[in-house]
file final-v5.txt (compact mmCIF, C-alpha atoms and all ligand atoms)
# COMPACT_ATOMS: atom_id res chain seq x y z
CA MET A 207 108.64 89.59 74.70
CA ASP A 208 111.45 92.12 74.84
CA TYR A 209 111.20 94.04 78.15
CA ASN A 210 114.02 96.36 77.18
CA PRO A 211 112.49 99.65 76.07
CA SER A 212 113.64 100.59 72.59
CA LEU A 213 115.30 103.87 71.80
CA LYS A 214 112.06 104.91 70.06
CA SER A 215 110.04 104.35 73.27
CA LYS A 216 112.60 106.20 75.38
CA SER A 217 112.59 109.25 73.10
CA LEU A 218 108.80 109.25 72.95
CA ARG A 219 108.58 109.13 76.76
CA LYS A 220 111.11 111.94 77.06
CA ALA A 221 109.28 114.15 74.56
CA VAL A 222 105.84 113.62 76.13
CA ARG A 223 107.27 114.11 79.63
CA MET A 224 108.83 117.42 78.60
CA PHE A 225 105.54 118.58 77.10
CA ALA A 226 103.49 117.47 80.12
CA GLU A 227 105.83 119.01 82.67
CA ALA A 228 106.13 122.30 80.79
CA GLU A 229 102.54 122.77 79.67
CA ILE A 230 100.38 120.88 82.18
CA GLY A 231 102.65 120.80 85.25
CA PRO A 232 102.22 124.49 86.18
CA ILE A 233 98.39 124.25 86.13
CA ALA A 234 97.78 120.63 87.20
CA HIS A 235 97.07 121.51 90.82
CA ASP A 236 94.80 124.47 90.02
CA ILE A 237 92.68 122.76 87.36
CA ASP A 238 91.97 120.00 89.87
CA ARG A 239 91.17 122.48 92.65
CA ASP A 240 88.92 124.59 90.43
CA ALA A 241 87.55 121.62 88.42
CA VAL A 242 88.42 123.33 85.15
CA PHE A 243 89.02 121.73 81.75
CA PRO A 244 92.12 123.49 80.39
CA TRP A 245 91.24 124.31 76.77
CA ASP A 246 94.58 126.05 76.14
CA VAL A 247 96.49 122.85 76.87
CA VAL A 248 93.96 120.76 74.96
CA VAL A 249 94.60 122.89 71.87
CA LYS A 250 98.32 122.10 72.21
CA MET A 251 97.57 118.40 72.64
CA LYS A 252 95.53 118.50 69.44
CA SER A 253 98.49 119.92 67.53
CA LEU A 254 100.65 117.04 68.80
CA ASN A 255 98.18 114.50 67.42
CA PHE A 256 97.22 113.23 70.89
CA PHE A 257 93.60 112.84 69.75
CA GLY A 258 94.59 110.43 67.00
CA LEU A 259 97.25 108.41 68.78
CA GLN A 260 96.49 105.07 67.15
CA ALA A 261 94.44 106.19 64.17
CA PRO A 262 96.01 105.47 60.77
CA LYS A 263 97.88 108.23 58.99
CA THR A 264 95.21 108.18 56.25
CA PHE A 265 92.85 109.74 58.80
CA GLY A 266 95.53 112.13 60.05
CA GLY A 267 96.48 109.97 63.03
CA ALA A 268 99.86 109.12 64.57
CA GLU A 269 99.37 105.38 63.93
CA MET A 270 101.13 104.37 67.16
CA ASP A 271 101.46 100.82 68.38
CA SER A 272 99.90 100.02 71.77
CA LEU A 273 103.14 100.34 73.72
CA SER A 274 103.72 103.88 72.41
CA TYR A 275 100.07 104.69 73.14
CA ALA A 276 100.48 103.43 76.72
CA ILE A 277 103.61 105.55 77.17
CA VAL A 278 101.78 108.73 76.08
CA ILE A 279 98.84 108.06 78.42
CA GLU A 280 101.23 107.18 81.27
CA GLU A 281 103.25 110.38 80.88
CA ILE A 282 100.25 112.70 80.56
CA SER A 283 98.58 110.99 83.57
CA ARG A 284 101.79 111.31 85.59
CA VAL A 285 101.13 115.06 85.51
CA SER A 286 97.32 115.20 85.20
CA ALA A 287 95.25 112.02 85.42
CA ALA A 288 92.14 113.98 84.42
CA LEU A 289 93.74 114.85 81.07
CA GLY A 290 95.09 111.31 80.69
CA LEU A 291 91.49 110.16 81.17
CA CYS A 292 90.28 112.58 78.49
CA LEU A 293 92.79 111.16 76.01
CA THR A 294 92.32 107.48 76.80
CA VAL A 295 88.52 107.63 76.67
CA HIS A 296 88.64 109.59 73.41
CA ASN A 297 91.23 107.34 71.74
CA SER A 298 90.24 103.93 73.12
CA LEU A 299 86.51 104.16 73.68
CA ALA A 300 85.44 106.45 70.83
CA VAL A 301 87.99 106.49 67.99
CA TYR A 302 89.00 102.82 68.37
CA PRO A 303 85.50 101.23 68.01
CA ILE A 304 84.74 103.35 64.93
CA LEU A 305 88.07 102.34 63.40
CA ARG A 306 87.74 98.70 64.32
CA TYR A 307 84.03 98.07 63.77
CA GLY A 308 82.72 101.04 61.76
CA THR A 309 81.88 101.06 58.04
CA ASP A 310 84.16 102.86 55.58
CA GLU A 311 81.54 105.56 55.28
CA GLN A 312 81.40 106.04 59.08
CA LYS A 313 85.20 106.21 59.28
CA LYS A 314 85.35 108.86 56.55
CA ARG A 315 82.51 110.87 58.07
CA PHE A 316 83.50 110.87 61.75
CA LEU A 317 87.19 110.13 62.16
CA PRO A 318 88.91 113.16 60.59
CA ASP A 319 87.34 115.65 63.04
CA MET A 320 87.81 113.31 66.00
CA VAL A 321 91.45 112.63 65.15
CA LYS A 322 92.10 116.38 64.90
CA GLY A 323 90.50 116.76 68.33
CA GLU A 324 87.89 119.09 66.83
CA LYS A 325 85.31 116.64 68.14
CA ILE A 326 86.24 115.03 71.44
CA GLY A 327 84.82 111.55 71.83
CA THR A 328 83.21 109.56 74.60
CA LEU A 329 81.30 106.33 75.21
CA CYS A 330 77.93 106.49 76.98
CA MET A 331 77.08 103.23 78.69
CA THR A 332 76.38 103.79 82.38
CA GLU A 333 72.86 104.65 83.56
CA THR A 334 71.37 105.17 87.01
CA SER A 335 70.30 101.51 87.25
CA VAL A 336 72.84 100.05 84.82
CA GLY A 337 76.52 99.88 85.75
CA SER A 338 78.54 96.67 85.86
CA ASP A 339 75.70 94.74 84.25
CA ALA A 340 75.81 96.73 81.00
CA ALA A 341 73.65 94.16 79.21
CA GLY A 342 70.68 95.39 81.25
CA VAL A 343 70.74 98.69 79.32
CA GLU A 344 67.51 100.68 79.60
CA THR A 345 68.11 103.51 77.09
CA HIS A 346 65.61 102.76 74.37
CA ALA A 347 66.19 102.89 70.62
CA GLY A 348 62.83 102.94 68.89
CA GLN A 349 62.83 102.35 65.14
CA GLU A 350 61.35 104.87 62.70
CA ALA A 351 61.80 105.19 58.93
CA GLY A 352 65.57 105.26 58.35
CA ALA A 353 66.28 106.32 61.92
CA TYR A 354 66.28 105.31 65.58
CA VAL A 355 64.85 107.46 68.37
CA LEU A 356 66.91 107.37 71.56
CA ASN A 357 65.46 107.97 75.00
CA GLY A 358 67.36 107.53 78.25
CA THR A 359 69.90 109.03 80.64
CA LYS A 360 73.63 108.30 80.73
CA ILE A 361 75.64 109.20 83.82
CA PHE A 362 79.34 109.62 84.73
CA ILE A 363 80.24 110.37 81.10
CA THR A 364 83.92 111.25 80.77
CA ASN A 365 84.48 114.29 78.51
CA GLY A 366 80.68 114.69 78.67
CA LEU A 367 80.59 118.48 78.84
CA VAL A 368 83.02 118.93 75.95
CA CYS A 369 82.25 115.95 73.75
CA GLY A 370 81.57 116.46 70.05
CA THR A 371 80.89 112.84 69.10
CA ALA A 372 79.48 110.26 71.49
CA LEU A 373 79.05 106.54 71.12
CA VAL A 374 75.72 105.68 72.73
CA PHE A 375 74.75 102.22 73.90
CA ALA A 376 71.02 101.40 73.86
CA THR A 377 68.52 98.62 73.22
CA THR A 378 65.64 98.16 70.83
CA ASP A 379 64.06 95.58 73.11
CA TYR A 380 63.00 96.35 76.70
CA GLN A 381 62.14 92.69 77.30
CA ASN A 382 65.49 91.38 76.13
CA PRO A 383 67.96 94.27 76.20
CA ARG A 384 70.98 92.11 75.35
CA LYS A 385 69.33 90.72 72.22
CA GLY A 386 68.29 94.19 71.10
CA SER A 387 71.53 95.93 72.06
CA VAL A 388 72.78 98.60 69.67
CA LEU A 389 75.65 101.07 69.50
CA PHE A 390 75.27 104.45 67.74
CA ILE A 391 77.53 107.30 66.80
CA VAL A 392 75.74 110.46 67.88
CA GLU A 393 76.83 114.00 67.10
CA ARG A 394 76.54 116.51 69.90
CA ASP A 395 74.39 118.89 67.84
CA THR A 396 71.73 116.21 67.23
CA PRO A 397 68.42 117.55 68.62
CA GLY A 398 67.55 115.65 71.80
CA PHE A 399 71.21 115.04 72.77
CA ILE A 400 71.30 117.15 75.91
CA VAL A 401 74.43 117.63 77.98
CA GLY A 402 73.68 118.07 81.68
CA GLU A 403 75.70 119.54 84.52
CA LYS A 404 79.28 118.62 85.29
CA GLU A 405 79.35 115.95 87.99
CA ASP A 406 80.96 116.82 91.33
CA LEU A 407 83.29 113.86 91.85
CA CYS A 408 86.03 113.01 94.33
CA GLY A 409 88.83 112.81 91.75
CA MET A 410 89.54 113.41 88.04
CA ARG A 411 88.09 116.84 88.72
CA ALA A 412 89.57 118.59 85.70
CA ASN A 413 87.74 116.18 83.43
CA PRO A 414 84.28 117.50 82.55
CA ILE A 415 82.43 114.31 83.50
CA ALA A 416 78.71 114.90 82.99
CA THR A 417 75.25 113.40 82.65
CA ILE A 418 73.82 113.11 79.11
CA PHE A 419 70.09 113.10 78.47
CA LEU A 420 68.65 111.55 75.32
CA GLU A 421 65.21 112.92 74.70
CA ASN A 422 63.61 111.83 71.44
CA CYS A 423 67.06 112.01 69.90
CA HIS A 424 66.74 110.95 66.23
CA VAL A 425 69.85 109.17 64.96
CA PRO A 426 70.10 108.00 61.34
CA GLU A 427 70.21 104.23 60.90
CA LYS A 428 73.54 104.61 59.07
CA ASN A 429 75.09 105.79 62.38
CA MET A 430 74.72 102.33 63.91
CA ILE A 431 78.01 100.48 64.44
CA GLY A 432 77.49 96.83 63.55
CA HIS A 433 73.96 95.41 63.46
CA PRO A 434 71.06 95.24 65.91
CA GLY A 435 72.07 92.78 68.64
CA ASP A 436 75.81 93.52 68.25
CA GLY A 437 75.87 96.41 70.74
CA ILE A 438 76.91 94.56 73.90
CA ARG A 439 79.61 92.52 72.13
CA LEU A 440 81.09 95.66 70.53
CA CYS A 441 81.08 97.54 73.85
CA LEU A 442 82.73 94.68 75.72
CA LYS A 443 85.39 94.27 73.00
CA THR A 444 86.00 98.02 73.12
CA MET A 445 86.43 97.81 76.90
CA ASP A 446 89.02 95.03 76.49
CA ALA A 447 91.26 97.40 74.54
CA GLY A 448 90.33 100.39 76.68
CA ARG A 449 91.71 98.69 79.78
CA ILE A 450 95.21 99.07 78.42
CA GLY A 451 94.76 102.86 78.50
CA LEU A 452 93.33 102.70 82.02
CA ALA A 453 96.26 100.57 83.23
CA ALA A 454 98.64 103.13 81.70
CA LEU A 455 96.75 105.95 83.38
CA ALA A 456 97.00 104.21 86.78
CA THR A 457 100.72 103.59 86.24
CA GLY A 458 101.24 107.29 85.51
CA ILE A 459 99.53 108.28 88.78
CA ALA A 460 101.61 105.72 90.70
CA GLN A 461 104.84 106.97 89.14
CA ALA A 462 104.04 110.56 90.13
CA ALA A 463 103.17 109.52 93.70
CA PHE A 464 106.40 107.53 93.96
CA GLU A 465 108.58 110.38 92.69
CA ALA A 466 106.92 112.85 95.08
CA SER A 467 107.57 110.42 97.95
CA LEU A 468 111.20 109.97 96.99
CA ARG A 469 111.79 113.74 96.94
CA TYR A 470 109.96 114.28 100.21
CA ALA A 471 111.72 111.42 102.00
CA LYS A 472 115.09 112.89 101.07
CA ASP A 473 114.16 116.47 102.06
CA ARG A 474 112.09 116.05 105.21
CA LYS A 475 114.07 115.65 108.45
CA GLN A 476 112.87 114.17 111.71
CA PHE A 477 115.08 113.09 114.63
CA GLN A 478 117.80 115.20 112.85
CA LYS A 479 117.82 112.80 109.92
CA PRO A 480 116.12 112.66 106.52
CA LEU A 481 113.10 110.33 106.45
CA SER A 482 114.91 108.35 103.75
CA SER A 483 117.51 107.26 106.32
CA PHE A 484 114.89 105.26 108.28
CA GLN A 485 114.71 101.62 107.34
CA THR A 486 110.90 101.60 107.39
CA ILE A 487 110.71 104.43 104.86
CA GLN A 488 113.37 102.73 102.73
CA ASN A 489 111.25 99.57 102.76
CA TYR A 490 108.18 101.57 101.70
CA LEU A 491 110.12 103.05 98.77
CA ALA A 492 111.54 99.66 97.78
CA ASP A 493 108.07 98.10 97.80
CA MET A 494 106.64 101.01 95.80
CA ALA A 495 109.34 100.80 93.12
CA THR A 496 108.86 97.02 92.81
CA ASP A 497 105.09 97.32 92.65
CA ILE A 498 105.23 99.92 89.86
CA ASP A 499 107.64 97.82 87.81
CA ALA A 500 105.42 94.75 88.21
CA GLY A 501 102.37 96.70 87.01
CA ARG A 502 104.25 98.25 84.12
CA LEU A 503 105.42 94.83 82.93
CA LEU A 504 101.85 93.50 82.99
CA LEU A 505 100.78 96.57 81.03
CA TYR A 506 103.48 96.19 78.40
CA ARG A 507 102.71 92.48 78.08
CA ALA A 508 99.06 93.33 77.36
CA CYS A 509 100.20 95.90 74.74
CA GLU A 510 102.37 93.30 73.08
CA ALA A 511 99.52 90.74 73.05
CA LEU A 512 97.15 93.26 71.45
CA ASP A 513 99.63 94.32 68.77
CA SER A 514 100.58 90.76 67.92
CA GLY A 515 96.93 89.92 67.20
CA ARG A 516 96.73 87.30 69.97
CA PRO A 517 93.73 87.18 72.33
CA PHE A 518 94.52 89.84 74.91
CA ALA A 519 91.35 90.30 77.02
CA GLY A 520 92.78 88.36 79.99
CA GLU A 521 96.12 90.18 79.84
CA ALA A 522 94.43 93.61 79.54
CA ALA A 523 92.12 92.87 82.49
CA MET A 524 95.09 91.66 84.58
CA ALA A 525 97.00 94.84 83.76
CA LYS A 526 93.98 97.01 84.62
CA LEU A 527 93.23 95.11 87.85
CA TYR A 528 96.83 95.13 89.02
CA CYS A 529 97.79 98.67 87.97
CA SER A 530 94.70 100.31 89.47
CA ALA A 531 95.15 98.50 92.81
CA MET A 532 98.87 99.27 92.62
CA ALA A 533 98.15 102.98 92.04
CA MET A 534 95.93 102.98 95.14
CA ARG A 535 98.63 101.26 97.23
CA ILE A 536 101.32 103.67 96.02
CA ALA A 537 99.14 106.77 96.52
CA ASP A 538 98.24 105.55 100.01
CA LYS A 539 101.91 105.04 100.92
CA ALA A 540 102.77 108.41 99.39
CA VAL A 541 100.27 110.13 101.68
CA GLN A 542 101.70 108.19 104.63
CA ILE A 543 105.28 109.18 103.81
CA HIS A 544 104.18 112.84 103.61
CA GLY A 545 102.52 112.57 107.05
CA GLY A 546 100.06 115.42 107.76
CA TYR A 547 101.22 117.29 104.65
CA GLY A 548 100.12 114.35 102.53
CA TYR A 549 96.60 114.91 103.80
CA SER A 550 96.72 118.57 102.86
CA LYS A 551 95.29 119.91 99.61
CA GLU A 552 98.51 121.88 99.16
CA TYR A 553 100.38 118.72 98.26
CA ASP A 554 99.84 116.75 95.05
CA VAL A 555 99.82 113.33 96.72
CA GLU A 556 96.33 114.04 98.04
CA ARG A 557 95.18 114.47 94.39
CA TYR A 558 96.95 111.29 93.31
CA PHE A 559 95.08 109.41 96.05
CA ARG A 560 91.68 110.68 94.83
CA ASP A 561 92.50 110.11 91.15
CA ALA A 562 93.86 106.59 91.77
CA LYS A 563 90.55 105.47 93.30
CA ALA A 564 88.70 106.18 90.06
CA THR A 565 90.89 103.69 88.19
CA GLU A 566 89.47 100.86 90.32
CA ILE A 567 85.95 101.79 89.25
CA LEU A 568 85.71 102.99 85.65
CA GLU A 569 85.86 100.81 82.53
CA GLY A 570 84.88 97.83 84.68
CA THR A 571 85.42 97.68 88.43
CA SER A 572 88.12 95.47 89.97
CA GLU A 573 85.45 92.89 90.77
CA ILE A 574 84.45 92.78 87.09
CA GLN A 575 88.11 92.47 85.99
CA ARG A 576 88.34 89.34 88.16
CA ILE A 577 85.34 87.89 86.31
CA VAL A 578 87.05 88.58 82.95
CA ILE A 579 90.35 87.10 84.17
CA SER A 580 88.71 84.02 85.67
CA ARG A 581 86.97 83.37 82.33
CA ALA A 582 90.33 83.54 80.54
CA VAL A 583 91.95 81.31 83.16
CA LEU A 584 89.12 78.76 83.19
CA SER A 585 89.15 78.52 79.40
CA GLN A 586 92.71 77.16 79.55
CA ARG A 587 93.38 73.45 79.56
CA ALA A 588 94.26 72.21 83.05
C1 LIG B 601 85.68 108.88 87.01
C2 LIG B 601 84.66 108.04 86.31
C3 LIG B 601 84.53 108.13 84.93
C4 LIG B 601 83.57 107.35 84.25
N1 LIG B 601 83.43 107.47 82.91
C5 LIG B 601 82.44 106.77 82.26
C6 LIG B 601 82.19 106.95 80.86
O1 LIG B 601 82.88 107.71 80.17
N2 LIG B 601 81.18 106.25 80.28
C7 LIG B 601 80.39 105.41 81.00
O2 LIG B 601 79.49 104.81 80.42
N3 LIG B 601 80.59 105.21 82.33
C8 LIG B 601 81.59 105.88 82.97
N4 LIG B 601 81.79 105.71 84.33
C9 LIG B 601 80.92 104.81 85.06
C10 LIG B 601 81.62 103.50 85.43
O3 LIG B 601 81.92 102.77 84.27
C11 LIG B 601 80.72 102.74 86.41
O4 LIG B 601 80.70 103.50 87.61
C12 LIG B 601 81.21 101.32 86.67
O5 LIG B 601 81.05 100.53 85.53
C13 LIG B 601 80.49 100.66 87.84
O6 LIG B 601 79.10 100.77 87.72
P1 LIG B 601 78.24 101.31 88.96
O7 LIG B 601 78.88 102.58 89.41
O8 LIG B 601 76.84 101.35 88.55
O9 LIG B 601 78.47 100.24 90.10
P2 LIG B 601 77.67 98.86 90.29
O10 LIG B 601 77.68 98.09 89.03
O11 LIG B 601 76.38 99.14 90.94
O12 LIG B 601 78.62 98.11 91.32
C14 LIG B 601 78.68 98.44 92.72
C15 LIG B 601 79.66 97.46 93.36
O13 LIG B 601 79.20 96.11 93.20
C16 LIG B 601 80.20 95.35 92.52
N5 LIG B 601 79.59 94.36 91.64
C17 LIG B 601 78.66 94.56 90.68
N6 LIG B 601 78.38 93.40 90.04
C18 LIG B 601 79.17 92.44 90.60
C19 LIG B 601 79.37 91.05 90.38
N7 LIG B 601 78.71 90.38 89.42
N8 LIG B 601 80.26 90.39 91.15
C20 LIG B 601 80.94 91.05 92.11
N9 LIG B 601 80.81 92.37 92.36
C21 LIG B 601 79.94 93.06 91.63
C22 LIG B 601 81.01 96.36 91.76
O14 LIG B 601 82.29 95.86 91.41
C23 LIG B 601 81.06 97.52 92.72
O15 LIG B 601 82.03 97.29 93.68
C24 LIG B 601 82.76 106.46 85.01
C25 LIG B 601 82.91 106.36 86.39
C26 LIG B 601 83.84 107.14 87.05
C27 LIG B 601 83.97 107.03 88.54

call {"tool": "encode", "arguments": {"input": "final-v5.txt", "output": "structure tokens"}}
result
Amino acid sequence: MDYNPSLKSKSLRKAVRMFAEAEIGPIAHDIDRDAVFPWDVVVKMKSLNFFGLQAPKTFGGAEMDSLSYAIVIEEISRVSAALGLCLTVHNSLAVYPILRYGTDEQKKRFLPDMVKGEKIGTLCMTETSVGSDAAGVETHAGQEAGAYVLNGTKIFITNGLVCGTALVFATTDYQNPRKGSVLFIVERDTPGFIVGEKEDLCGMRANPIATIFLENCHVPEKNMIGHPGDGIRLCLKTMDAGRIGLAALATGIAQAAFEASLRYAKDRKQFQKPLSSFQTIQNYLADMATDIDAGRLLLYRACEALDSGRPFAGEAAMAKLYCSAMAMRIADKAVQIHGGYGYSKEYDVERYFRDAKATEILEGTSEIQRIVISRAVLSQRA
């Protein structure tokens, strides 16, 4: 693998960084404080094709490879992780599974509006009693003539309040939910698809994460992705690819926390000297820079594995595990370097700290990543 970023990657990073700093930078602090989804910026992101990052040009997408995709998510998340989360969930967990596993008819029907960002996507898996063990899904899909009737409650749904098209995971079989697992494409205006209140979470506050209620929600049979029994496999495969976006998001947060620390350490004086002149602070900064580079290399390796068509689940889980823990370490050190100011809501490092924690939980916790990695490791010949 070539670790030297190409000119194309450098120009892409520069362009996205300029956009994010100019358009999101001035409001990033306030949208987190007020827990507001910034529609004005989202409209601009639509016009830049950010809602169709990897979709083929035939559907209006930007047809990016995974490395370019990771760079976009990293740069948006460097300024606002909540918006990075909006984009990665939409692109990786909603557009990707339709593209990869949907029928031609489903692609034609759903993708154009999603790629334009007219319909923001999400994936509804988590329930009050069903988290890491997704195969225990309780949302029921009862069969009727030509349709399925969904009943259940999905919680912590990213983009929930603003979603236009949701992928909903359910089961036809209470006794054996894995065997009966199914995945549907559900339009927001379907009767019985009820969007609840925005959830009051510690971080990612500008993302309208919400509860979704499915109450006798009739979904046509032709909206099923795959066949009955395929649901869990399709969701887990989708998560494998999604972890690349999450690792990129975590890397973006870490990069922002590192840059803030660098600036602060050079500006802030104690004992008549800048903090950056103290060996301990220099060691912190050295460790942070090394940690970010290590995570980024794991991320880019996973991108390369995915694009080359090789099995990439282990690499993607390693990148997600490492980058999310790395983002937590960097955000923690950033708060420490800022002293009392780092603990104040006036400074961005406090937000980075809250946002970084989410990356260790969503799209499979760190404990679950270790299970995925150990499977990949144990499947190798000794
Ligand atoms: C910001 C945010 C956004 C989210 N967005 C979405 C979304 O868009 N769609 C969606 O469906 N869900 C979403 N989620 C939910 C998220 O995917 C779940 O929170 C996550 O999968 C963990 O499930 P849980 O919270 O039920 O924890 P649990 O599964 O109850 O786990 C609790 C703890 O036990 C550990 N644990 C569980 N099983 C094992 C095991 N076998 N071995 C070792 N440890 C174990 C876990 O790692 C964790 O530490 C989001 C969550 C957050 C915080």

call {"tool": "residues_near_ligand", "arguments": {"input": "final-v5.txt", "ligand": "ligand LIG 601 (chain B)", "cutoff": "7 Å", "atoms": "only C-alpha atoms and all ligand atoms", "output": "JSON, numbers by chain"}}
result
{"A": [295, 328, 329, 330, 331, 332, 334, 335, 336, 337, 338, 339, 360, 361, 362, 363, 364, 365, 409, 410, 415, 564, 567, 568, 569, 570, 571, 572, 573, 574]}

call {"tool": "closest_residue", "arguments": {"input": "final-v5.txt", "among": "A:Gly451, A:Met534, A:Thr264, A:Thr371", "to": "Phe464 of chain A", "atoms": "only C-alpha atoms"}}
result
A:Met534

call {"tool": "closest_residue", "arguments": {"input": "final-v5.txt", "among": "A:Leu291, A:Ile543, A:Val285, A:Phe316", "to": "Asp473 of chain A", "atoms": "all atoms listed in the file"}}
result
A:Ile543

call {"tool": "closest_residue", "arguments": {"input": "final-v5.txt", "among": "A:Arg535, A:Lys325, A:Lys551, A:Arg469", "to": "Asp497 of chain A", "atoms": "all atoms listed in the file"}}
result
A:Arg535

call {"tool": "closest_residue", "arguments": {"input": "final-v5.txt", "among": "A:Ala288, A:Met445, A:Ile498, A:Leu293", "to": "Arg560 of chain A", "atoms": "all atoms listed in the file"}}
result
A:Ala288

call {"tool": "atom_distance", "arguments": {"input": "final-v5.txt", "atom1": "atom CA of Val583 of chain A", "atom2": "atom CA of Thr294 of chain A"}}
result
26.9 Å

call {"tool": "closest_residue", "arguments": {"input": "final-v5.txt", "among": "A:Glu521, A:Phe399, A:Tyr558, A:Asp271", "to": "Ser580 of chain A", "atoms": "only C-alpha atoms"}}
result
A:Glu521

call {"tool": "atom_distance", "arguments": {"input": "final-v5.txt", "atom1": "atom CA of Val355 of chain A", "atom2": "atom CA of Pro397 of chain A"}}
result
10.7 Å

call {"tool": "residues_around", "arguments": {"input": "final-v5.txt", "residues": "Ala341 of chain A", "least_positions_apart": "3", "cutoff": "10 Å", "atoms": "all atoms listed in the file", "output": "list in words"}}
result
Met331, Val336, Gly337, Ser338, Glu344, Phe375, Ala376, Thr377, Asn382, Pro383, Arg384, Lys385, Gly386, Ser387, Gly437, Ile438, Arg439, Cys441 and Leu442 of chain A

call {"tool": "closest_residue", "arguments": {"input": "final-v5.txt", "among": "A:Leu407, A:Val222, A:Ile230, A:Ile400", "to": "Val368 of chain A", "atoms": "only C-alpha atoms"}}
result
A:Ile400

call {"tool": "atom_distance", "arguments": {"input": "final-v5.txt", "atom1": "atom CA of Gln381 of chain A", "atom2": "atom CA of Tyr307 of chain A"}}
result
26.3 Å

call {"tool": "residues_near_point", "arguments": {"input": "final-v5.txt", "point": "(63.5, 106.5, 58.5)", "cutoff": "12 Å", "atoms": "all atoms listed in the file", "output": "PDB file with C-alpha atoms, in the frame of the given file"}}
result
ATOM      1  CA  GLY A 348      62.830 102.940  68.890  1.00  0.00           C
ATOM      2  CA  GLN A 349      62.830 102.350  65.140  1.00  0.00           C
ATOM      3  CA  GLU A 350      61.350 104.870  62.700  1.00  0.00           C
ATOM      4  CA  ALA A 351      61.800 105.190  58.930  1.00  0.00           C
ATOM      5  CA  GLY A 352      65.570 105.260  58.350  1.00  0.00           C
ATOM      6  CA  ALA A 353      66.280 106.320  61.920  1.00  0.00           C
ATOM      7  CA  TYR A 354      66.280 105.310  65.580  1.00  0.00           C
ATOM      8  CA  VAL A 355      64.850 107.460  68.370  1.00  0.00           C
ATOM      9  CA  HIS A 424      66.740 110.950  66.230  1.00  0.00           C
ATOM     10  CA  VAL A 425      69.850 109.170  64.960  1.00  0.00           C
ATOM     11  CA  PRO A 426      70.100 108.000  61.340  1.00  0.00           C
ATOM     12  CA  GLU A 427      70.210 104.230  60.900  1.00  0.00           C
ATOM     13  CA  LYS A 428      73.540 104.610  59.070  1.00  0.00           C
TER      14      LYS A 428
END

call {"tool": "residues_around", "arguments": {"input": "final-v5.txt", "residues": "Ala462 of chain A", "least_positions_apart": "4", "cutoff": "7 Å", "atoms": "only C-alpha atoms", "output": "ChimeraX atom specification"}}
result
/A:284,458,466

call {"tool": "write_last_selection", "arguments": {"input": "final-v5.txt", "atoms": "C-alpha atoms", "output": "PDB file, in the coordinates of the input"}}
result
ATOM      1  CA  ARG A 284     101.790 111.310  85.590  1.00  0.00           C
ATOM      2  CA  GLY A 458     101.240 107.290  85.510  1.00  0.00           C
ATOM      3  CA  ALA A 466     106.920 112.850  95.080  1.00  0.00           C
TER       4      ALA A 466
END

call {"tool": "residues_around", "arguments": {"input": "final-v5.txt", "residues": "Lys443 of chain A", "least_positions_apart": "3", "cutoff": "12 Å", "atoms": "all atoms listed in the file", "output": "ChimeraX atom specification"}}
result
/A:298-299,302-303,306-307,436-440,446-449,512,517-520,522-523,569,578

call {"tool": "residues_near_point", "arguments": {"input": "final-v5.txt", "point": "(109.4, 109.1, 75.2)", "cutoff": "12 Å", "atoms": "all atoms listed in the file", "output": "PyMOL selection string"}}
result
chain A and resi 211-226+273-282
